[in-house]
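Asks: Structure file data_29.cif, mmCIF, C-alpha atoms, is pasted below:
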data_structure
#
loop_
_atom_site.group_PDB
_atom_site.id
_atom_site.type_symbol
_atom_site.label_atom_id
_atom_site.label_comp_id
_atom_site.auth_asym_id
_atom_site.auth_seq_id
_atom_site.Cartn_x
_atom_site.Cartn_y
_atom_site.Cartn_z
ATOM 1 C CA MET A 1 20.946 46.785 -35.350
ATOM 2 C CA TYR A 2 17.786 45.415 -33.849
ATOM 3 C CA THR A 3 16.974 41.721 -34.006
ATOM 4 C CA VAL A 4 13.359 40.653 -33.949
ATOM 5 C CA ILE A 5 12.532 37.276 -32.345
ATOM 6 C CA PHE A 6 9.187 35.680 -33.046
ATOM 7 C CA LEU A 7 7.937 33.063 -30.603
ATOM 8 C CA GLN A 8 5.700 30.288 -31.815
ATOM 9 C CA GLU A 9 2.436 30.126 -29.956
ATOM 10 C CA GLY A 10 0.042 28.039 -31.997
ATOM 11 C CA ILE A 11 1.599 24.565 -31.619
ATOM 12 C CA GLY A 12 -1.493 23.133 -29.981
ATOM 13 C CA SER A 13 -2.890 22.679 -26.526
ATOM 14 C CA LEU A 14 -2.397 18.882 -26.571
ATOM 15 C CA ALA A 15 1.316 19.234 -27.209
ATOM 16 C CA ASN A 16 1.556 21.607 -24.257
ATOM 17 C CA MET A 17 -0.381 19.222 -21.992
ATOM 18 C CA LEU A 18 1.507 16.071 -23.046
ATOM 19 C CA PRO A 19 4.246 16.242 -20.354
ATOM 20 C CA PHE A 20 1.646 16.691 -17.607
ATOM 21 C CA LEU A 21 -0.441 13.798 -18.912
ATOM 22 C CA ALA A 22 2.668 11.609 -19.063
ATOM 23 C CA ILE A 23 3.495 12.459 -15.434
ATOM 24 C CA ILE A 24 -0.039 11.535 -14.347
ATOM 25 C CA VAL A 25 0.110 8.195 -16.203
ATOM 26 C CA VAL A 26 3.504 7.317 -14.722
ATOM 27 C CA PHE A 27 2.320 8.342 -11.263
ATOM 28 C CA TYR A 28 -0.741 6.082 -11.612
ATOM 29 C CA PHE A 29 1.173 2.992 -12.761
ATOM 30 C CA PHE A 30 4.080 3.303 -10.324
ATOM 31 C CA MET A 31 2.359 4.650 -7.199
ATOM 32 C CA ILE A 32 -1.428 4.360 -7.112
ATOM 33 C CA ARG A 33 -2.025 0.982 -8.804
ATOM 34 C CA PRO A 34 0.503 -1.019 -6.710
ATOM 35 C CA GLN A 35 -0.867 0.553 -3.520
ATOM 36 C CA MET A 36 -4.420 -0.445 -4.464
ATOM 37 C CA SER A 37 -3.386 -4.048 -5.152
ATOM 38 C CA ARG A 38 -1.467 -4.173 -1.850
ATOM 39 C CA GLN A 39 -4.567 -2.948 -0.003
ATOM 40 C CA LYS A 40 -6.739 -5.595 -1.701
ATOM 41 C CA LYS A 41 -4.337 -8.376 -0.680
ATOM 42 C CA GLU A 42 -4.183 -7.093 2.895
ATOM 43 C CA LYS A 43 -7.989 -6.847 3.097
ATOM 44 C CA ALA A 44 -8.353 -10.423 1.778
ATOM 45 C CA PHE A 45 -5.784 -11.671 4.307
ATOM 46 C CA GLN A 46 -7.575 -9.924 7.177
ATOM 47 C CA SER A 47 -10.849 -11.599 6.258
ATOM 48 C CA GLU A 48 -9.198 -15.067 6.135
ATOM 49 C CA ILE A 49 -7.436 -14.870 9.524
ATOM 50 C CA LYS A 50 -7.901 -17.912 11.758
ATOM 51 C CA LYS A 51 -7.148 -18.673 15.387
ATOM 52 C CA GLY A 52 -3.568 -19.874 15.888
ATOM 53 C CA THR A 53 -2.075 -17.947 12.953
ATOM 54 C CA LYS A 54 1.195 -16.166 13.635
ATOM 55 C CA VAL A 55 0.955 -12.573 12.442
ATOM 56 C CA VAL A 56 2.704 -9.203 12.456
ATOM 57 C CA THR A 57 0.764 -6.030 13.233
ATOM 58 C CA SER A 58 1.216 -2.765 11.361
ATOM 59 C CA SER A 59 3.120 -1.434 14.387
ATOM 60 C CA GLY A 60 5.573 -4.360 14.217
ATOM 61 C CA ILE A 61 4.339 -6.538 17.096
ATOM 62 C CA HIS A 62 4.687 -10.272 16.470
ATOM 63 C CA GLY A 63 2.255 -12.719 17.996
ATOM 64 C CA LYS A 64 -0.132 -15.633 17.625
ATOM 65 C CA ILE A 65 -3.879 -15.071 17.368
ATOM 66 C CA SER A 66 -5.590 -16.484 20.442
ATOM 67 C CA GLU A 67 -9.079 -15.016 20.038
ATOM 68 C CA ILE A 68 -11.160 -13.438 17.268
ATOM 69 C CA ASN A 69 -14.153 -11.294 18.219
ATOM 70 C CA VAL A 70 -16.305 -10.683 15.140
ATOM 71 C CA ALA A 71 -18.813 -8.452 16.944
ATOM 72 C CA ASP A 72 -16.181 -5.920 18.069
ATOM 73 C CA ASN A 73 -13.957 -6.484 15.018
ATOM 74 C CA THR A 74 -11.026 -7.124 17.376
ATOM 75 C CA ILE A 75 -8.313 -9.755 17.650
ATOM 76 C CA THR A 76 -6.396 -10.844 20.749
ATOM 77 C CA LEU A 77 -2.715 -11.679 20.200
ATOM 78 C CA GLU A 78 -0.500 -13.763 22.447
ATOM 79 C CA THR A 79 2.945 -12.227 22.658
ATOM 80 C CA GLY A 80 5.899 -13.034 24.867
ATOM 81 C CA ALA A 81 4.694 -10.453 27.404
ATOM 82 C CA GLY A 82 1.034 -11.505 27.497
ATOM 83 C CA LYS A 83 -2.154 -10.907 25.562
ATOM 84 C CA ILE A 84 -2.862 -7.719 23.623
ATOM 85 C CA LYS A 85 -6.141 -6.723 21.966
ATOM 86 C CA PHE A 86 -5.990 -5.132 18.483
ATOM 87 C CA GLU A 87 -8.404 -3.938 15.839
ATOM 88 C CA ASN A 88 -8.717 -6.338 12.927
ATOM 89 C CA SER A 89 -7.296 -3.700 10.567
ATOM 90 C CA ALA A 90 -4.051 -3.522 12.580
ATOM 91 C CA ILE A 91 -2.976 -6.972 11.397
ATOM 92 C CA SER A 92 -0.522 -6.435 8.563
ATOM 93 C CA MET A 93 0.710 -9.839 7.371
ATOM 94 C CA GLU A 94 1.253 -13.443 8.258
ATOM 95 C CA LEU A 95 4.575 -14.040 9.999
ATOM 96 C CA SER A 96 5.646 -16.888 7.709
ATOM 97 C CA LYS A 97 5.157 -14.676 4.635
ATOM 98 C CA LYS A 98 7.435 -12.023 6.102
ATOM 99 C CA TYR A 99 10.332 -14.439 6.441
ATOM 100 C CA SER A 100 9.718 -16.166 3.101
ATOM 101 C CA ALA A 101 10.035 -12.862 1.215
ATOM 102 C CA PRO A 102 13.258 -12.602 -0.786
ATOM 103 C CA ALA A 103 16.020 -10.513 0.742
ATOM 104 C CA LYS A 104 16.620 -7.140 -0.898
ATOM 105 C CA LYS A 105 20.121 -6.416 -2.093
#
Spit out the file's structure as structure tokens when you get a sec.
Replies:
Amino acid sequence: MYTVIFLQEGIGSLANMLPFLAIIVVFYFFMIRPQMSRQKKEKAFQSEIKKGTKVVTSSGIHGKISEINVADNTITLETGAGKIKFENSAISMELSKKYSAPAKK
């Protein structure tokens, strides 16, 4: 009449943790590592910026660098409307690299 069900408990703690460890490894290789490399490239680009370079800011404003102030860590961009002053960290990428990127399908 009565059925007794025994549940296994002693498989091992590593076997129980394996799915969580796999999620952490996948998360690192697909999310954290590419973001770190992207930040390194952006930091290197920001340190190599020269006057006259056409750039895009992180807010999407396109312009040409007209002045670099190392003391204030600011950059002045010439846009179609006039000159705008930005922090050095606001420069996202060079304009020519944006248009040379392959189109996504």
Asks: Can you measure atom CA of A:Lys54 to atom CA of A:Gln35 for me? One decimal in Å is fine.
Replies: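 Taking atom CA of A:Lys54 and atom CA of A:Gln35, their separation equals 24.0 Å.
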Asks: Restricting the calculation to only C-alpha atoms: of A:Ser59, A:Asn73, A:Thr53, A:Ser13, which residue gets closest to A:Glu94?
Replies: A:Thr53
Asks: List as a list in words the protein and nucleic acid residues near A:His62, meaning an atom at most 8 Å away when all atoms listed in the file are counted, but skip any in the same chain fewer than 3 places from it.
Replies: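 Listing them by chain and then by number gives Lys54, Val55, Val56, Thr57, Thr79 and Leu95 of chain A.
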Asks: Could you tell me how far atom CA of A:Lys50 lies from atom CA of A:Asn69, in Å and to one decimal?
Replies: 11.2 Å
Asks: Residues near A:Gly80, anyone? I mean within 12 Å using all atoms listed in the file, not counting same-chain ones fewer than 3 positions away, as a list in words.
Replies: Ile61, His62, Gly63, Lys64, Leu77, Lys83 and Ile84 of chain A
Asks: Separation of atom CA of A:Glu42 and atom CA of A:Ile91, in Å?
Replies: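 According to the coordinates, atom CA of A:Glu42 and atom CA of A:Ile91 are separated by 8.6 Å.
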Asks: Near A:Asp72, counting all atoms listed in the file, which residues have an atom at most 12 Å away, once you skip same-chain residues fewer than 5 positions from it, shown as a list in words?
Replies: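 With the cut-off at 12 Å, the set is Glu67, Lys85, Phe86, Glu87, Asn88 and Ser89 of chain A.
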Asks: Which of these residues is nearest to A:Phe45, using only C-alpha atoms: A:Ser66, A:Tyr28, A:Ala90, A:Leu14?
Replies: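 Closest to A:Phe45, using only C-alpha atoms: A:Ala90.
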Asks: Could I get stretch 53-69 of chain A from the block written out with all heavy atoms, as an mmCIF file, in the first residue's frame?
Replies:
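The resulting file, out.cif, is reproduced below:
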data_model
loop_
_atom_site.group_PDB
_atom_site.id
_atom_site.type_symbol
_atom_site.label_atom_id
_atom_site.label_comp_id
_atom_site.auth_asym_id
_atom_site.auth_seq_id
_atom_site.Cartn_x
_atom_site.Cartn_y
_atom_site.Cartn_z
ATOM 1 N N THR A 53 41.540 65.644 -35.075
ATOM 2 C CA THR A 53 40.918 64.327 -35.232
ATOM 3 C C THR A 53 39.405 64.452 -35.164
ATOM 4 O O THR A 53 38.870 65.157 -34.324
ATOM 5 C CB THR A 53 41.398 63.380 -34.111
ATOM 6 O OG1 THR A 53 42.810 63.350 -34.085
ATOM 7 C CG2 THR A 53 40.869 61.976 -34.321
ATOM 8 N N LYS A 54 38.722 63.779 -36.070
ATOM 9 C CA LYS A 54 37.261 63.762 -36.035
ATOM 10 C C LYS A 54 36.824 62.629 -35.126
ATOM 11 O O LYS A 54 37.243 61.489 -35.296
ATOM 12 C CB LYS A 54 36.693 63.573 -37.440
ATOM 13 C CG LYS A 54 36.942 64.757 -38.340
ATOM 14 C CD LYS A 54 36.319 64.561 -39.694
ATOM 15 C CE LYS A 54 36.583 65.781 -40.563
ATOM 16 N NZ LYS A 54 35.984 65.633 -41.889
ATOM 17 N N VAL A 55 35.971 62.964 -34.146
ATOM 18 C CA VAL A 55 35.582 61.997 -33.127
ATOM 19 C C VAL A 55 34.071 62.007 -32.901
ATOM 20 O O VAL A 55 33.365 62.914 -33.359
ATOM 21 C CB VAL A 55 36.286 62.283 -31.778
ATOM 22 C CG1 VAL A 55 37.779 62.084 -31.896
ATOM 23 C CG2 VAL A 55 35.979 63.664 -31.272
ATOM 24 N N VAL A 56 33.620 60.997 -32.170
ATOM 25 C CA VAL A 56 32.235 60.892 -31.716
ATOM 26 C C VAL A 56 32.273 60.804 -30.201
ATOM 27 O O VAL A 56 33.041 60.031 -29.643
ATOM 28 C CB VAL A 56 31.541 59.644 -32.297
ATOM 29 C CG1 VAL A 56 30.114 59.534 -31.806
ATOM 30 C CG2 VAL A 56 31.586 59.649 -33.797
ATOM 31 N N THR A 57 31.431 61.578 -29.523
ATOM 32 C CA THR A 57 31.382 61.519 -28.067
ATOM 33 C C THR A 57 30.463 60.375 -27.636
ATOM 34 O O THR A 57 29.737 59.804 -28.444
ATOM 35 C CB THR A 57 30.852 62.834 -27.466
ATOM 36 O OG1 THR A 57 29.504 63.021 -27.892
ATOM 37 C CG2 THR A 57 31.707 64.009 -27.901
ATOM 38 N N SER A 58 30.495 60.065 -26.352
ATOM 39 C CA SER A 58 29.637 58.994 -25.842
ATOM 40 C C SER A 58 28.162 59.365 -25.923
ATOM 41 O O SER A 58 27.305 58.496 -25.921
ATOM 42 C CB SER A 58 30.020 58.651 -24.404
ATOM 43 O OG SER A 58 29.939 59.795 -23.602
ATOM 44 N N SER A 59 27.859 60.665 -26.011
ATOM 45 C CA SER A 59 26.466 61.092 -26.154
ATOM 46 C C SER A 59 26.036 61.172 -27.609
ATOM 47 O O SER A 59 24.886 61.476 -27.899
ATOM 48 C CB SER A 59 26.265 62.449 -25.474
ATOM 49 O OG SER A 59 27.099 63.415 -26.071
ATOM 50 N N GLY A 60 26.955 60.908 -28.555
ATOM 51 C CA GLY A 60 26.603 60.856 -29.966
ATOM 52 C C GLY A 60 26.891 62.121 -30.749
ATOM 53 O O GLY A 60 26.484 62.239 -31.901
ATOM 54 N N ILE A 61 27.587 63.080 -30.181
ATOM 55 C CA ILE A 61 27.896 64.326 -30.884
ATOM 56 C C ILE A 61 29.152 64.119 -31.719
ATOM 57 O O ILE A 61 30.161 63.630 -31.238
ATOM 58 C CB ILE A 61 28.094 65.486 -29.879
ATOM 59 C CG1 ILE A 61 26.787 65.715 -29.124
ATOM 60 C CG2 ILE A 61 28.546 66.748 -30.589
ATOM 61 C CD1 ILE A 61 26.892 66.739 -28.028
ATOM 62 N N HIS A 62 29.062 64.496 -32.999
ATOM 63 C CA HIS A 62 30.180 64.371 -33.923
ATOM 64 C C HIS A 62 30.881 65.717 -34.015
ATOM 65 O O HIS A 62 30.237 66.755 -34.049
ATOM 66 C CB HIS A 62 29.683 63.991 -35.315
ATOM 67 C CG HIS A 62 29.029 62.653 -35.359
ATOM 68 N ND1 HIS A 62 29.270 61.745 -36.357
ATOM 69 C CD2 HIS A 62 28.140 62.047 -34.536
ATOM 70 C CE1 HIS A 62 28.568 60.668 -36.147
ATOM 71 N NE2 HIS A 62 27.862 60.832 -35.045
ATOM 72 N N GLY A 63 32.204 65.689 -34.088
ATOM 73 C CA GLY A 63 32.935 66.930 -34.228
ATOM 74 C C GLY A 63 34.412 66.702 -34.446
ATOM 75 O O GLY A 63 34.898 65.573 -34.453
ATOM 76 N N LYS A 64 35.122 67.807 -34.653
ATOM 77 C CA LYS A 64 36.568 67.777 -34.867
ATOM 78 C C LYS A 64 37.233 68.453 -33.677
ATOM 79 O O LYS A 64 36.796 69.513 -33.230
ATOM 80 C CB LYS A 64 36.918 68.511 -36.163
ATOM 81 C CG LYS A 64 38.370 68.405 -36.547
ATOM 82 C CD LYS A 64 38.599 68.893 -37.960
ATOM 83 C CE LYS A 64 38.889 70.375 -37.922
ATOM 84 N NZ LYS A 64 39.296 70.903 -39.218
ATOM 85 N N ILE A 65 38.277 67.865 -33.153
ATOM 86 C CA ILE A 65 38.964 68.411 -31.989
ATOM 87 C C ILE A 65 39.709 69.676 -32.397
ATOM 88 O O ILE A 65 40.536 69.657 -33.300
ATOM 89 C CB ILE A 65 39.934 67.384 -31.392
ATOM 90 C CG1 ILE A 65 39.150 66.187 -30.890
ATOM 91 C CG2 ILE A 65 40.757 68.000 -30.274
ATOM 92 C CD1 ILE A 65 39.992 65.070 -30.348
ATOM 93 N N SER A 66 39.388 70.779 -31.719
ATOM 94 C CA SER A 66 40.056 72.042 -32.022
ATOM 95 C C SER A 66 41.040 72.447 -30.940
ATOM 96 O O SER A 66 41.959 73.208 -31.202
ATOM 97 C CB SER A 66 39.017 73.156 -32.209
ATOM 98 O OG SER A 66 38.318 73.376 -31.011
ATOM 99 N N GLU A 67 40.872 71.914 -29.727
ATOM 100 C CA GLU A 67 41.751 72.293 -28.623
ATOM 101 C C GLU A 67 41.781 71.176 -27.591
ATOM 102 O O GLU A 67 40.750 70.583 -27.275
ATOM 103 C CB GLU A 67 41.228 73.581 -27.983
ATOM 104 C CG GLU A 67 42.071 74.158 -26.892
ATOM 105 C CD GLU A 67 41.436 75.418 -26.314
ATOM 106 O OE1 GLU A 67 40.765 76.163 -27.057
ATOM 107 O OE2 GLU A 67 41.595 75.613 -25.106
ATOM 108 N N ILE A 68 42.987 70.908 -27.058
ATOM 109 C CA ILE A 68 43.152 69.916 -26.000
ATOM 110 C C ILE A 68 43.793 70.617 -24.815
ATOM 111 O O ILE A 68 44.867 71.186 -24.940
ATOM 112 C CB ILE A 68 44.028 68.740 -26.453
ATOM 113 C CG1 ILE A 68 43.382 68.024 -27.636
ATOM 114 C CG2 ILE A 68 44.261 67.769 -25.307
ATOM 115 C CD1 ILE A 68 44.238 66.937 -28.240
ATOM 116 N N ASN A 69 43.117 70.574 -23.668
ATOM 117 C CA ASN A 69 43.631 71.185 -22.446
ATOM 118 C C ASN A 69 44.000 70.072 -21.477
ATOM 119 O O ASN A 69 43.131 69.446 -20.882
ATOM 120 C CB ASN A 69 42.596 72.126 -21.838
ATOM 121 C CG ASN A 69 43.173 72.984 -20.739
ATOM 122 O OD1 ASN A 69 44.268 72.737 -20.261
ATOM 123 N ND2 ASN A 69 42.425 73.992 -20.358
#
